[in-house]
Amino acid sequence: MSREDIERGGGVKSSGSNNNSNRNGYLSTSTYVIEDAEAHYWTSWLVPMFVVANIVVFVVMMYINNCPKHLHTRFEGKCVARFLGRFSFEPLKDNPLFGPSSATLQRFGALEWTKVVHEHQGWRLISCMWLHAGIIHLLANMLSLVFIGIRLEQQFGFVRVGIVYLLSGFGGSVLSSLFIRNNISVGASGALFGLLGAMLSELITNWSIYTNKAAALFTLLVITAINLAIGILPHVDNFAHIGGFLSGFLLGFVLLLRSQYGWQGRRNLPSGAGVKSKLKAYQYALWLVSVALLIVGFTVALVMLFKGENGNDHCHWCHYLSCVPTSRWKCNENNL
């Protein structure tokens, strides 16, 4: 690509890596059973719509990219899968993920610090969530979204899951912009990490109504640690992962609360019997703390971003969260 992009996303299984792709794998969690038989389940339609929307955007982007006619590349090479005509992919040396050029990604709204801050294109903080660097990137993220998102939507409905998804993606974009200035970034992994974080906080805040909860908590913590650790590979936007995860984790305490066991059936019990409060005291406390942290966090981050401040100036070690240099690779300065 003409400018190196940072992809976000992952697969259903933790996988090996390819230099330019985001390799984090979203592993499916073991099922933990709700003890409350009164729990209501929704039909999932929003998450499938998100999947369709991402696919449609990618198809349109490839149509506009039109590799045979506009070969936006700094390398020699021919378009891949030329039998697809204008839908063919950029040369693999340019984009190994089988996708469009960096120029096309920028045109469609890839996240780029200069354009967000100096050209007042704040909409890129949202638009980048719907773009993918290639068909491999797209398929990995959409599989992850299906495995994680549908279960949450069935349990909590489309409104709450939609809010978690969108705000987590936005939070990931904001944190990414604070720390990464010279690369463009695309992908839905900030939002996906937000759903993963919300699953963790939902388990914690609704602890008393689950069975097998200790095993489920351990599984979620391991999955989260693995995915964040994979994010330290070069050219992976781990700041988007971290920002999305933290946003989703706090939003889970706010939006994914469940009433105490027996709350719905209290009307059938004698006066004074049964549960007297819909939520436990610790659930109210976590709700208040999370709302405060979300408001303060988003406010401070957005003020810093649009003032043009560099997050690395305030945290000199934070660049290691996105890339750790080893004897096998060096971290591109754009990751710092």
# chains A, B, ... in the order shown; residues from 1 in each chain; ligands from 1

$ residues_around --residues "segment 121-134 of chain A" --least-positions-apart "4" --cutoff "9 Å" --atoms "only C-alpha atoms" --output "ChimeraX atom specification"
/A:5-9,21,50,53-55,57-58,61,89,95-102,105,108-112,114-117,138-139,141,166,169-174,177,185-191

$ write_last_selection --atoms "C-alpha atoms" --output "CSV table (one decimal), in the first residue's frame"
chain,number,residue,atom,x,y,z
A,5,ASP,CA,-2.1,0.7,7.4
A,6,ILE,CA,-2.7,-0.9,10.8
A,7,GLU,CA,-5.5,-3.5,10.7
A,8,ARG,CA,-7.7,-4.3,13.5
A,9,GLY,CA,-9.6,-7.6,13.9
A,21,SER,CA,-2.6,-8.2,9.5
A,50,PHE,CA,-23.7,-5.4,11.2
A,53,ALA,CA,-23.1,-3.9,6.5
A,54,ASN,CA,-19.4,-4.6,6.8
A,55,ILE,CA,-19.5,-7.0,3.8
A,57,VAL,CA,-19.0,-1.7,2.5
A,58,PHE,CA,-16.1,-4.0,1.5
A,61,MET,CA,-14.9,-0.3,-1.6
A,89,PHE,CA,-7.1,-7.3,-5.2
A,95,ASN,CA,-1.6,-5.7,0.5
A,96,PRO,CA,-1.1,-9.3,1.6
A,97,LEU,CA,-4.7,-9.4,3.0
A,98,PHE,CA,-6.3,-9.5,-0.4
A,99,GLY,CA,-7.9,-6.0,-0.4
A,100,PRO,CA,-7.8,-2.5,-1.7
A,101,SER,CA,-5.1,0.1,-1.7
A,102,SER,CA,-4.3,2.5,1.2
A,105,LEU,CA,-9.1,3.1,2.5
A,108,PHE,CA,-13.6,5.7,2.5
A,109,GLY,CA,-12.7,7.0,5.9
A,110,ALA,CA,-9.7,5.2,7.4
A,111,LEU,CA,-8.5,6.6,10.7
A,112,GLU,CA,-5.7,9.1,10.3
A,114,THR,CA,-3.8,14.4,10.7
A,115,LYS,CA,-7.2,14.3,9.0
A,116,VAL,CA,-9.0,13.9,12.3
A,117,VAL,CA,-7.2,16.7,14.2
A,138,LEU,CA,-13.0,-9.0,7.0
A,139,LEU,CA,-13.7,-12.7,7.4
A,141,ASN,CA,-13.6,-10.0,12.2
A,166,LEU,CA,-20.5,1.5,18.7
A,169,GLY,CA,-15.4,1.1,18.6
A,170,PHE,CA,-15.4,4.8,19.1
A,171,GLY,CA,-13.3,4.5,22.3
A,172,GLY,CA,-10.8,2.3,20.5
A,173,SER,CA,-10.5,4.9,17.7
A,174,VAL,CA,-9.9,7.7,20.2
A,177,SER,CA,-5.5,8.4,17.5
A,185,SER,CA,-6.0,2.3,10.9
A,186,VAL,CA,-9.1,0.3,9.9
A,187,GLY,CA,-11.2,-2.5,11.4
A,188,ALA,CA,-13.9,-3.5,13.8
A,189,SER,CA,-11.6,-5.0,16.5
A,190,GLY,CA,-12.1,-2.0,18.9
A,191,ALA,CA,-15.8,-2.8,18.9

$ residues_around --residues "Leu152 of chain A" --least-positions-apart "4" --cutoff "7 Å" --atoms "only C-alpha atoms" --output "list in words"
Ile148, Phe156 and Val161 of chain A

$ write_last_selection --atoms "C-alpha atoms" --output "PDB file, in the first residue's frame"
ATOM      1  CA  ILE A 148     -19.359 -13.004  20.404  1.00  0.00           C
ATOM      2  CA  PHE A 156     -29.584  -8.350  26.358  1.00  0.00           C
ATOM      3  CA  VAL A 161     -25.478  -4.495  22.536  1.00  0.00           C
TER       4      VAL A 161
END

$ atom_distance --atom1 "atom CA of Leu302 of chain A" --atom2 "atom CA of Ser290 of chain A"
17.9 Å

$ residues_around --residues "Leu246 of chain A" --least-positions-apart "4" --cutoff "7 Å" --atoms "only C-alpha atoms" --output "VMD selection string"
chain A and resid 194 197 242 250

$ residues_around --residues "Ser201 of chain A" --least-positions-apart "6" --cutoff "10 Å" --atoms "only C-alpha atoms" --output "PyMOL selection string"
chain A and resi 195+207+217+248-254+256-257+286

$ residues_around --residues "Leu321 of chain A" --least-positions-apart "6" --cutoff "8 Å" --atoms "only C-alpha atoms" --output "mmCIF file with N, CA, C and O atoms, in the first residue's frame"
data_model
loop_
_atom_site.group_PDB
_atom_site.id
_atom_site.type_symbol
_atom_site.label_atom_id
_atom_site.label_comp_id
_atom_site.auth_asym_id
_atom_site.auth_seq_id
_atom_site.Cartn_x
_atom_site.Cartn_y
_atom_site.Cartn_z
ATOM 1 N N GLY A 231 -1.630 -8.621 20.301
ATOM 2 C CA GLY A 231 -1.641 -7.253 19.781
ATOM 3 C C GLY A 231 -0.315 -6.533 19.839
ATOM 4 O O GLY A 231 -0.173 -5.441 19.275
ATOM 5 N N ILE A 232 0.690 -7.116 20.526
ATOM 6 C CA ILE A 232 1.993 -6.449 20.577
ATOM 7 C C ILE A 232 2.840 -6.766 19.354
ATOM 8 O O ILE A 232 3.970 -6.282 19.242
ATOM 9 N N ASN A 238 -2.885 -2.197 18.699
ATOM 10 C CA ASN A 238 -3.324 -2.685 19.999
ATOM 11 C C ASN A 238 -3.966 -1.589 20.839
ATOM 12 O O ASN A 238 -4.718 -1.880 21.775
ATOM 13 N N PHE A 239 -3.672 -0.333 20.528
ATOM 14 C CA PHE A 239 -4.329 0.750 21.260
ATOM 15 C C PHE A 239 -5.832 0.751 20.996
ATOM 16 O O PHE A 239 -6.630 1.048 21.887
#

$ atom_distance --atom1 "atom CA of Tyr282 of chain A" --atom2 "atom CA of Leu255 of chain A"
14.7 Å

$ atom_distance --atom1 "atom CA of Cys318 of chain A" --atom2 "atom CA of Thr299 of chain A"
20.1 Å

$ closest_residue --among "A:Ala103, A:Leu92, A:Val291, A:Ala225" --to "Asn66 of chain A" --atoms "only C-alpha atoms"
A:Ala103

$ closest_residue --among "A:Ala292, A:Leu200, A:Val236, A:Ala215" --to "Ile184 of chain A" --atoms "only C-alpha atoms"
A:Val236

$ closest_residue --among "A:Glu90, A:Glu309, A:Asp237, A:Glu119" --to "Lys69 of chain A" --atoms "only C-alpha atoms"
A:Glu90

$ select_by_dssp --residues "segment 27-140 of chain A" --states "alpha helix (DSSP H)" --output "ChimeraX atom specification"
/A:46-65,102-108,113-117,124-127,135-140

$ select_by_dssp --residues "segment 89-307 of chain A" --states "strand (DSSP E or B)" --output "VMD selection string"
chain A and resid 89 111 184 to 186 210 236
